>>> print(open('coords-v6.cif').read())   # mmCIF, C-alpha atoms
data_work
loop_
_atom_site.label_atom_id
_atom_site.label_comp_id
_atom_site.auth_asym_id
_atom_site.auth_seq_id
_atom_site.Cartn_x
_atom_site.Cartn_y
_atom_site.Cartn_z
CA MET R 1 69.33 -32.27 0.16
CA GLU R 2 69.42 -34.57 -2.82
CA LYS R 3 69.16 -38.18 -1.74
CA GLY R 4 72.40 -40.07 -1.98
CA VAL R 5 74.98 -37.37 -1.24
CA ASP R 6 76.56 -35.42 1.57
CA ASN R 7 77.59 -31.86 0.82
CA PRO R 8 80.16 -29.82 2.72
CA VAL R 9 81.82 -26.53 1.72
CA PRO R 10 79.83 -23.96 -0.27
CA PHE R 11 81.56 -21.92 -2.98
CA ASP R 12 79.60 -18.71 -3.47
CA THR R 13 79.51 -16.54 -6.59
CA PRO R 14 77.85 -13.19 -5.85
CA ILE R 15 75.20 -11.83 -8.19
CA ILE R 16 75.70 -8.17 -8.97
CA VAL R 17 73.44 -5.38 -10.23
CA ALA R 18 75.43 -3.35 -12.73
CA VAL R 19 74.92 -0.35 -15.02
CA ARG R 20 77.13 1.39 -17.54
CA GLU R 21 79.29 4.09 -15.95
CA ASP R 22 77.56 6.93 -17.80
CA GLN R 23 74.13 6.08 -16.43
CA PRO R 24 72.90 8.62 -13.85
CA TRP R 25 72.01 6.12 -11.10
CA GLN R 26 74.49 6.02 -8.25
CA ASN R 27 72.58 3.59 -6.04
CA ILE R 28 69.60 1.24 -6.04
CA GLY R 29 67.24 3.88 -4.64
CA GLU R 30 67.86 6.18 -7.62
CA LEU R 31 67.39 3.30 -10.04
CA ILE R 32 64.08 2.32 -8.45
CA GLU R 33 62.86 5.90 -8.46
CA TYR R 34 63.59 6.21 -12.18
CA ALA R 35 61.93 2.86 -12.94
CA GLN R 36 58.81 3.92 -11.05
CA GLU R 37 58.60 7.09 -13.13
CA HIS R 38 59.36 5.26 -16.38
CA PRO R 39 57.66 1.82 -16.14
CA GLY R 40 58.89 -0.73 -18.67
CA GLU R 41 61.61 1.55 -20.05
CA ILE R 42 64.54 -0.16 -18.34
CA LYS R 43 65.70 -3.44 -19.84
CA PHE R 44 67.68 -5.81 -17.66
CA GLY R 45 69.93 -8.45 -19.13
CA HIS R 46 70.95 -11.84 -17.77
CA SER R 47 72.68 -14.97 -18.99
CA GLY R 48 69.67 -17.23 -19.51
CA VAL R 49 66.04 -17.91 -18.66
CA GLY R 50 65.68 -19.65 -15.29
CA LEU R 51 69.28 -19.13 -14.22
CA ALA R 52 70.08 -17.55 -10.86
CA VAL R 53 70.77 -14.13 -12.39
CA HIS R 54 67.35 -14.14 -14.10
CA VAL R 55 65.63 -15.22 -10.90
CA THR R 56 67.36 -12.46 -8.95
CA GLY R 57 66.29 -9.84 -11.47
CA GLU R 58 62.67 -10.93 -11.25
CA MET R 59 62.83 -11.02 -7.45
CA PHE R 60 64.30 -7.52 -7.41
CA ALA R 61 61.57 -6.13 -9.67
CA ARG R 62 58.80 -7.69 -7.58
CA GLU R 63 60.24 -6.59 -4.25
CA ALA R 64 60.91 -3.05 -5.50
CA GLY R 65 57.48 -2.80 -7.11
CA ILE R 66 58.80 -1.80 -10.53
CA SER R 67 58.30 -2.94 -14.11
CA ILE R 68 61.54 -3.75 -15.96
CA ALA R 69 61.80 -5.89 -19.08
CA GLN R 70 64.03 -8.96 -19.01
CA VAL R 71 66.37 -9.74 -21.92
CA PRO R 72 68.02 -13.19 -21.88
CA PHE R 73 71.42 -13.76 -23.45
CA ARG R 74 73.56 -16.83 -24.09
CA GLY R 75 76.06 -16.37 -21.31
CA ASP R 76 77.67 -13.53 -19.38
CA SER R 77 79.81 -12.25 -22.26
CA GLU R 78 76.79 -11.46 -24.45
CA GLY R 79 75.05 -9.67 -21.59
CA ILE R 80 78.15 -7.61 -20.77
CA ALA R 81 78.56 -6.66 -24.44
CA ALA R 82 74.91 -5.56 -24.57
CA LEU R 83 75.35 -3.45 -21.45
CA LEU R 84 78.53 -1.79 -22.73
CA GLY R 85 76.84 -1.19 -26.09
CA GLY R 86 73.85 0.51 -24.49
CA HIS R 87 71.34 -2.10 -25.70
CA ILE R 88 70.24 -2.75 -22.10
CA GLN R 89 70.41 -0.41 -19.12
CA LEU R 90 70.85 -2.94 -16.33
CA LEU R 91 72.65 -6.25 -15.94
CA PHE R 92 72.24 -8.96 -13.35
CA GLY R 93 75.49 -10.84 -13.64
CA THR R 94 78.51 -12.17 -11.80
CA ALA R 95 82.00 -11.00 -10.94
CA GLY R 96 83.07 -11.97 -14.45
CA ILE R 97 82.45 -8.30 -15.18
CA LYS R 98 85.17 -7.17 -12.77
CA GLU R 99 87.65 -6.14 -15.49
CA HIS R 100 85.11 -3.59 -16.68
CA ILE R 101 84.68 -2.42 -13.09
CA LYS R 102 88.44 -1.89 -12.87
CA ASN R 103 88.62 0.15 -16.08
CA GLY R 104 85.66 2.29 -15.02
CA LYS R 105 83.23 1.27 -17.76
CA VAL R 106 80.76 -0.35 -15.36
CA ARG R 107 79.31 0.73 -12.03
CA VAL R 108 78.00 -1.93 -9.64
CA LEU R 109 75.02 -0.66 -7.64
CA ALA R 110 74.53 -3.69 -5.40
CA VAL R 111 75.31 -7.30 -4.66
CA ALA R 112 72.44 -9.67 -3.97
CA SER R 113 74.30 -11.66 -1.30
CA GLU R 114 73.41 -11.82 2.38
CA ARG R 115 76.51 -9.76 3.18
CA ARG R 116 79.06 -7.72 1.27
CA SER R 117 81.47 -9.58 -0.97
CA THR R 118 85.09 -10.23 -0.03
CA ILE R 119 86.13 -9.92 -3.68
CA PRO R 120 88.35 -6.81 -3.84
CA GLU R 121 86.46 -5.13 -6.70
CA LEU R 122 83.15 -5.56 -4.84
CA LYS R 123 84.09 -5.15 -1.17
CA ASP R 124 82.70 -1.59 -0.96
CA VAL R 125 79.47 -2.35 -2.83
CA PRO R 126 76.40 -2.47 -0.53
CA THR R 127 73.93 -5.34 -0.61
CA LEU R 128 70.38 -4.98 -1.87
CA LYS R 129 69.16 -5.47 1.71
CA GLU R 130 71.34 -2.60 2.90
CA GLN R 131 69.55 -0.42 0.35
CA GLY R 132 66.07 -1.42 1.46
CA VAL R 133 65.31 -4.22 -1.03
CA ASN R 134 64.79 -7.52 0.77
CA VAL R 135 66.33 -9.81 -1.85
CA THR R 136 69.18 -12.23 -1.20
CA PHE R 137 70.40 -14.72 -3.78
CA SER R 138 73.73 -16.06 -4.98
CA ILE R 139 75.15 -18.89 -7.04
CA TRP R 140 76.45 -21.50 -4.62
CA GLN R 141 78.11 -24.84 -5.11
CA GLY R 142 79.22 -27.62 -2.80
CA ILE R 143 81.30 -30.77 -2.80
CA ALA R 144 79.35 -34.03 -2.87
CA ALA R 145 80.20 -37.53 -1.72
CA PRO R 146 78.20 -40.80 -1.64
CA LYS R 147 75.54 -40.91 1.06
CA MET R 148 76.76 -44.25 2.42
CA LEU R 149 80.32 -43.06 2.89
CA PRO R 150 81.68 -44.44 6.22
CA THR R 151 81.39 -41.89 9.02
CA ASP R 152 85.11 -41.84 9.78
CA VAL R 153 85.95 -41.18 6.13
CA LYS R 154 83.34 -38.43 5.91
CA LEU R 155 84.69 -36.74 9.02
CA ARG R 156 88.26 -36.89 7.70
CA LEU R 157 87.19 -35.39 4.40
CA ALA R 158 85.20 -32.65 6.13
CA GLU R 159 88.15 -31.75 8.36
CA THR R 160 90.52 -31.69 5.38
CA PHE R 161 88.21 -29.42 3.41
CA LYS R 162 87.94 -27.16 6.45
CA LYS R 163 91.73 -26.73 6.56
CA ILE R 164 91.87 -26.04 2.82
CA VAL R 165 89.04 -23.51 2.86
CA ASN R 166 90.47 -21.60 5.82
CA ASP R 167 93.90 -21.28 4.20
CA PRO R 168 94.45 -17.58 3.28
CA ASP R 169 96.17 -18.42 -0.01
CA PHE R 170 93.27 -20.62 -1.07
CA LYS R 171 90.73 -17.92 -0.21
CA LYS R 172 92.71 -15.38 -2.22
CA LEU R 173 92.78 -17.72 -5.21
CA VAL R 174 89.02 -18.27 -5.01
CA GLU R 175 88.37 -14.51 -4.80
CA GLU R 176 90.53 -13.92 -7.88
CA MET R 177 88.19 -16.33 -9.68
CA GLY R 178 85.21 -14.16 -8.71
CA MET R 179 83.94 -16.32 -5.85
CA SER R 180 84.09 -16.46 -2.08
CA VAL R 181 84.17 -19.53 0.13
CA ASP R 182 83.19 -20.19 3.74
CA TYR R 183 83.43 -23.61 5.28
CA MET R 184 80.22 -25.40 6.25
CA GLY R 185 80.19 -28.92 7.61
CA PRO R 186 77.91 -31.64 6.19
CA GLN R 187 74.96 -30.97 8.52
CA GLU R 188 75.00 -27.19 8.17
CA PHE R 189 75.27 -27.31 4.41
CA SER R 190 72.59 -30.01 4.15
CA GLU R 191 70.21 -27.60 5.89
CA LYS R 192 71.21 -24.83 3.50
CA TRP R 193 70.59 -27.14 0.53
CA VAL R 194 67.05 -27.99 1.65
CA THR R 195 66.14 -24.39 2.54
CA GLU R 196 67.53 -22.86 -0.65
CA CYS R 197 65.92 -25.47 -2.93
CA ALA R 198 62.51 -24.85 -1.33
CA LYS R 199 62.99 -21.09 -1.68
CA LEU R 200 63.95 -21.40 -5.35
CA ASP R 201 61.00 -23.67 -6.16
CA LYS R 202 58.60 -21.14 -4.63
CA ILE R 203 60.17 -18.23 -6.52
CA LEU R 204 60.10 -20.04 -9.87
CA LYS R 205 56.39 -20.77 -9.51
CA GLU R 206 55.31 -17.38 -8.17
CA SER R 207 57.34 -15.32 -10.64
CA GLY R 208 56.18 -17.19 -13.74
CA ILE R 209 59.76 -18.22 -14.56
CA ALA R 210 58.77 -21.89 -14.43
CA GLU R 211 56.33 -21.23 -17.27
CA GLN R 212 59.02 -19.39 -19.24
CA ILE R 213 61.36 -22.36 -18.85
CA ALA R 214 58.64 -24.76 -20.01
CA ALA R 215 57.85 -22.59 -23.02
CA GLN R 216 61.52 -22.40 -23.96
CA LYS R 217 61.78 -26.20 -24.02
CA LYS R 218 58.93 -26.58 -26.49
#
>>> encode(input="coords-v6.cif", output="structure tokens")
Amino acid sequence: MEKGVDNPVPFDTPIIVAVREDQPWQNIGELIEYAQEHPGEIKFGHSGVGLAVHVTGEMFAREAGISIAQVPFRGDSEGIAALLGGHIQLLFGTAGIKEHIKNGKVRVLAVASERRSTIPELKDVPTLKEQGVNVTFSIWQGIAAPKMLPTDVKLRLAETFKKIVNDPDFKKLVEEMGMSVDYMGPQEFSEKWVTECAKLDKILKESGIAEQIAAQKK
């Protein structure tokens, strides 16, 4: 956990693996099989070098043992446009693509979360782990407060956030925004913060993404 803050309540945005509806792959297994037979042919898009969607794509390729070329874009909208236009075959993105899921232009093959999403458009989509690829990653956020906040104030805030998060109307609103939310108290989320940051640091170094980020800054 970053020194100086306490962090309760994670907001979680699932990362999805999507293809255009007219692609032949109905699941992750079929995609992997094709990629193994056609190394380097599949291009996967994402919204920026070093972002969570890029990291997830690289993790997926390594875990599945396939070679797919990454194509960075400036935000989700560019990546979605490239997918719909057939310029890339695969997109690692977020639920911002859900309107295209609704109109049938996009098929989501998997979510990279630990468990299936509660977002209506994604609730029937299996996770990568369910399909035999041991990759879990999502975009999570928390609420921070000063480290030296008095204990009684911190506890009151944590309890208030717990009531808000568990309110059905609030959860529905969050899901409509393409996120899910599950309450975690300060201690539980602090542990998540430390674990996830260590995991990300390891992935960035091992995948070569850290070098890509450095090169982009030059």
>>> resolve_selection(input="coords-v6.cif", expression="the PyMOL selection byres ((chain R and resi 128) around 10)", output="ChimeraX atom specification")
/R:16-17,27-29,60,109-116,125-127,129-137
>>> atom_distance(input="coords-v6.cif", atom1="CA of Glu63 in chain R", atom2="CA of Ile203 in chain R")
11.9 Å
>>> resolve_selection(input="coords-v6.cif", expression="the PyMOL selection byres ((chain R and resi 99) around 12)", output="JSON, numbers by chain")
{"R": [80, 94, 95, 96, 97, 98, 100, 101, 102, 103, 104, 105, 106, 107, 120, 121, 122, 176, 177, 178]}
>>> write_last_selection(input="coords-v6.cif", atoms="C-alpha atoms", output="PDB file, in the coordinates of the input")
ATOM      1  CA  ILE R  80      78.150  -7.610 -20.770  1.00  0.00           C
ATOM      2  CA  THR R  94      78.510 -12.170 -11.800  1.00  0.00           C
ATOM      3  CA  ALA R  95      82.000 -11.000 -10.940  1.00  0.00           C
ATOM      4  CA  GLY R  96      83.070 -11.970 -14.450  1.00  0.00           C
ATOM      5  CA  ILE R  97      82.450  -8.300 -15.180  1.00  0.00           C
ATOM      6  CA  LYS R  98      85.170  -7.170 -12.770  1.00  0.00           C
ATOM      7  CA  HIS R 100      85.110  -3.590 -16.680  1.00  0.00           C
ATOM      8  CA  ILE R 101      84.680  -2.420 -13.090  1.00  0.00           C
ATOM      9  CA  LYS R 102      88.440  -1.890 -12.870  1.00  0.00           C
ATOM     10  CA  ASN R 103      88.620   0.150 -16.080  1.00  0.00           C
ATOM     11  CA  GLY R 104      85.660   2.290 -15.020  1.00  0.00           C
ATOM     12  CA  LYS R 105      83.230   1.270 -17.760  1.00  0.00           C
ATOM     13  CA  VAL R 106      80.760  -0.350 -15.360  1.00  0.00           C
ATOM     14  CA  ARG R 107      79.310   0.730 -12.030  1.00  0.00           C
ATOM     15  CA  PRO R 120      88.350  -6.810  -3.840  1.00  0.00           C
ATOM     16  CA  GLU R 121      86.460  -5.130  -6.700  1.00  0.00           C
ATOM     17  CA  LEU R 122      83.150  -5.560  -4.840  1.00  0.00           C
ATOM     18  CA  GLU R 176      90.530 -13.920  -7.880  1.00  0.00           C
ATOM     19  CA  MET R 177      88.190 -16.330  -9.680  1.00  0.00           C
ATOM     20  CA  GLY R 178      85.210 -14.160  -8.710  1.00  0.00           C
TER      21      GLY R 178
END
>>> resolve_selection(input="coords-v6.cif", expression="the PyMOL selection byres ((chain R and resi 89) around 12)", output="number ranges by chain")
R: 17-25, 31, 34-35, 40-46, 68-71, 79-88, 90-92, 106-107
>>> closest_residue(input="coords-v6.cif", among="R:Thr118, R:Ser77, R:Gln26, R:Ser207", to="Gly48 in chain R", atoms="only C-alpha atoms")
R:Ser77
>>> closest_residue(input="coords-v6.cif", among="R:Pro150, R:Pro39, R:Pro186, R:Gly93", to="Ser138 in chain R", atoms="all atoms listed in the file")
R:Gly93
>>> closest_residue(input="coords-v6.cif", among="R:Val174, R:Ile15, R:Ser190, R:Gly50", to="Lys147 in chain R", atoms="all atoms listed in the file")
R:Ser190
>>> atom_distance(input="coords-v6.cif", atom1="CA of Leu200 in chain R", atom2="CA of Val181 in chain R")
21.0 Å
>>> residues_near_point(input="coords-v6.cif", point="(69.3, -20.3, -12.6)", cutoff="10 Å", atoms="only C-alpha atoms", output="list in words")
Ser47, Gly48, Val49, Gly50, Leu51, Ala52, Val53, His54, Val55, Thr56, Ser138, Ile139, Leu200, Leu204 and Ile209 of chain R
>>> residues_around(input="coords-v6.cif", residues="Ala158 in chain R", least_positions_apart="3", cutoff="12 Å", atoms="only C-alpha atoms", output="PDB file with C-alpha atoms, in the frame of the given file")
ATOM      1  CA  ASP R   6      76.560 -35.420   1.570  1.00  0.00           C
ATOM      2  CA  ASN R   7      77.590 -31.860   0.820  1.00  0.00           C
ATOM      3  CA  PRO R   8      80.160 -29.820   2.720  1.00  0.00           C
ATOM      4  CA  VAL R   9      81.820 -26.530   1.720  1.00  0.00           C
ATOM      5  CA  GLY R 142      79.220 -27.620  -2.800  1.00  0.00           C
ATOM      6  CA  ILE R 143      81.300 -30.770  -2.800  1.00  0.00           C
ATOM      7  CA  ALA R 144      79.350 -34.030  -2.870  1.00  0.00           C
ATOM      8  CA  ALA R 145      80.200 -37.530  -1.720  1.00  0.00           C
ATOM      9  CA  LEU R 149      80.320 -43.060   2.890  1.00  0.00           C
ATOM     10  CA  THR R 151      81.390 -41.890   9.020  1.00  0.00           C
ATOM     11  CA  ASP R 152      85.110 -41.840   9.780  1.00  0.00           C
ATOM     12  CA  VAL R 153      85.950 -41.180   6.130  1.00  0.00           C
ATOM     13  CA  LYS R 154      83.340 -38.430   5.910  1.00  0.00           C
ATOM     14  CA  LEU R 155      84.690 -36.740   9.020  1.00  0.00           C
ATOM     15  CA  PHE R 161      88.210 -29.420   3.410  1.00  0.00           C
ATOM     16  CA  LYS R 162      87.940 -27.160   6.450  1.00  0.00           C
ATOM     17  CA  LYS R 163      91.730 -26.730   6.560  1.00  0.00           C
ATOM     18  CA  ILE R 164      91.870 -26.040   2.820  1.00  0.00           C
ATOM     19  CA  VAL R 165      89.040 -23.510   2.860  1.00  0.00           C
ATOM     20  CA  TYR R 183      83.430 -23.610   5.280  1.00  0.00           C
ATOM     21  CA  MET R 184      80.220 -25.400   6.250  1.00  0.00           C
ATOM     22  CA  GLY R 185      80.190 -28.920   7.610  1.00  0.00           C
ATOM     23  CA  PRO R 186      77.910 -31.640   6.190  1.00  0.00           C
ATOM     24  CA  GLN R 187      74.960 -30.970   8.520  1.00  0.00           C
ATOM     25  CA  GLU R 188      75.000 -27.190   8.170  1.00  0.00           C
ATOM     26  CA  PHE R 189      75.270 -27.310   4.410  1.00  0.00           C
TER      27      PHE R 189
END
>>> axis_aligned_box(input="coords-v6.cif", around="range 137-150 of chain R", padding_each_side="6 Å", output="JSON")
{"center_x": 76.0, "center_y": -29.6, "center_z": -0.4, "size_x": 23.3, "size_y": 41.7, "size_z": 25.3}
>>> atom_distance(input="coords-v6.cif", atom1="CA of Thr13 in chain R", atom2="CA of Ser180 in chain R")
6.4 Å
>>> closest_residue(input="coords-v6.cif", among="R:Ser117, R:Gln36, R:Ser67, R:Gln141", to="Asp12 in chain R", atoms="all atoms listed in the file")
R:Gln141
>>> decode(input="coords-v6.cif", residues="range 135-164 of chain R", atoms="C-alpha atoms", output="PDB file, in the first residue's frame")
ATOM      1  CA  VAL R 135      -4.658 -15.271 -16.200  1.00  0.00           C
ATOM      2  CA  THR R 136      -6.557 -12.945 -13.884  1.00  0.00           C
ATOM      3  CA  PHE R 137      -6.367  -9.176 -14.145  1.00  0.00           C
ATOM      4  CA  SER R 138      -8.763  -6.258 -13.875  1.00  0.00           C
ATOM      5  CA  ILE R 139      -8.734  -2.494 -13.495  1.00  0.00           C
ATOM      6  CA  TRP R 140      -9.453  -1.719  -9.862  1.00  0.00           C
ATOM      7  CA  GLN R 141      -9.739   1.491  -7.939  1.00  0.00           C
ATOM      8  CA  GLY R 142     -10.203   2.378  -4.295  1.00  0.00           C
ATOM      9  CA  ILE R 143     -11.029   5.319  -2.075  1.00  0.00           C
ATOM     10  CA  ALA R 144      -8.099   6.870  -0.224  1.00  0.00           C
ATOM     11  CA  ALA R 145      -7.867   8.873   2.974  1.00  0.00           C
ATOM     12  CA  PRO R 146      -4.910  10.313   4.937  1.00  0.00           C
ATOM     13  CA  LYS R 147      -2.889   7.700   6.808  1.00  0.00           C
ATOM     14  CA  MET R 148      -3.104   9.603  10.098  1.00  0.00           C
ATOM     15  CA  LEU R 149      -6.881   9.831  10.037  1.00  0.00           C
ATOM     16  CA  PRO R 150      -8.233   9.214  13.587  1.00  0.00           C
ATOM     17  CA  THR R 151      -9.343   5.614  14.069  1.00  0.00           C
ATOM     18  CA  ASP R 152     -12.924   6.499  14.966  1.00  0.00           C
ATOM     19  CA  VAL R 153     -13.280   8.644  11.841  1.00  0.00           C
ATOM     20  CA  LYS R 154     -11.788   5.916   9.663  1.00  0.00           C
ATOM     21  CA  LEU R 155     -14.166   3.322  11.075  1.00  0.00           C
ATOM     22  CA  ARG R 156     -17.174   5.588  10.511  1.00  0.00           C
ATOM     23  CA  LEU R 157     -16.129   6.217   6.931  1.00  0.00           C
ATOM     24  CA  ALA R 158     -15.545   2.513   6.306  1.00  0.00           C
ATOM     25  CA  GLU R 159     -18.965   1.617   7.711  1.00  0.00           C
ATOM     26  CA  THR R 160     -20.644   4.320   5.629  1.00  0.00           C
ATOM     27  CA  PHE R 161     -18.961   3.122   2.451  1.00  0.00           C
ATOM     28  CA  LYS R 162     -20.022  -0.427   3.302  1.00  0.00           C
ATOM     29  CA  LYS R 163     -23.681   0.634   3.466  1.00  0.00           C
ATOM     30  CA  ILE R 164     -23.395   2.545   0.191  1.00  0.00           C
TER      31      ILE R 164
END
